[in-house]
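Shown next, in structure tokens, is the structure this report addresses.
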Amino acid sequence: VQEEVAALVKDRVLVGHAIKNDLAALMISHPPLLIRDTSRYAEFKKLNKGSAPALRKLAASLLSITIQEGEHSSVTDAKTTMLLYRKVKDEWELSLAPKRYKLEIKKAKSKERFAQLRKEIHEQSQ
């Protein structure tokens, strides 16, 4: 199962809440730039005085929905997490652009490729 999950998520963006726990349980790793963890997103953490907010709290304050009352549903949690991500996707992805830029620069093998990457990233940020 572990290998199947690793193959399934390879080179994909993972969206989740406290996703490090899921990855640890599966004993797999994932590149940090491909993880969107709603418990670690800076704008969401501001709502909780800088610490990781509970999914229940984010759902109530940002989506005006109540979750995790009574029986806990992992499906509801996953849907809620995706709604939160979609709500701020553009801002979140834009905030990661400088980190992706630095990573791509490290990978660039020539001055021409460096110039092309710089141009692409500049165009994306406008």
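Scheme for the structure tokens: letters A, B, ... for chains in order shown; per-chain residue numbers from 1; ligand numbers from 1 in order shown.
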Write out, as a Markdown table, each residue of segment 52-79 of chain A that has an atom at most 12 Å from segment 12-24 of chain A, together with the closest pair of atoms and their distance in Å to one decimal, counting only C-alpha atoms, rows going by chain and rising number.
```
| residue | atom | partner | partner_atom | distance |
| --- | --- | --- | --- | --- |
| A:Ala52 | CA | A:Ala18 | CA | 8.7 |
| A:Pro53 | CA | A:His17 | CA | 9.5 |
| A:Ala54 | CA | A:His17 | CA | 8.6 |
| A:Leu55 | CA | A:His17 | CA | 7.0 |
| A:Arg56 | CA | A:His17 | CA | 10.6 |
| A:Leu58 | CA | A:His17 | CA | 10.5 |
| A:Ala59 | CA | A:His17 | CA | 11.6 |
| A:Ser74 | CA | A:His17 | CA | 10.8 |
| A:Val75 | CA | A:Gly16 | CA | 11.5 |
| A:Thr76 | CA | A:Gly16 | CA | 11.9 |
| A:Asp77 | CA | A:His17 | CA | 8.2 |
| A:Ala78 | CA | A:Gly16 | CA | 6.9 |
| A:Lys79 | CA | A:Gly16 | CA | 9.5 |
```
Tell me, which residues of segment 13-49 of chain A carry DSSP strand (DSSP E), written as a ChimeraX atom specification? /A:14-16,35-37
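Using only C-alpha atoms for every distance, the candidate list A:Glu69, A:Lys99, A:Ala25, A:Ser64 yields A:Ser64 as the residue closest to Leu83 of chain A.
Across the structure, atom CA of Arg100 of chain A and atom CA of Val88 of chain A are spaced 18.2 Å apart.
Note that the spacing between atom CA of Leu33 of chain A and atom CA of Asp90 of chain A amounts to 15.1 Å.
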For the helix (DSSP H, G or I) assignment from backbone DSSP, which residues of chain A qualify? Please present them as a PyMOL selection string. chain A and resi 2-9+19-26+32-34+42-46+55-63+74-107+111-124
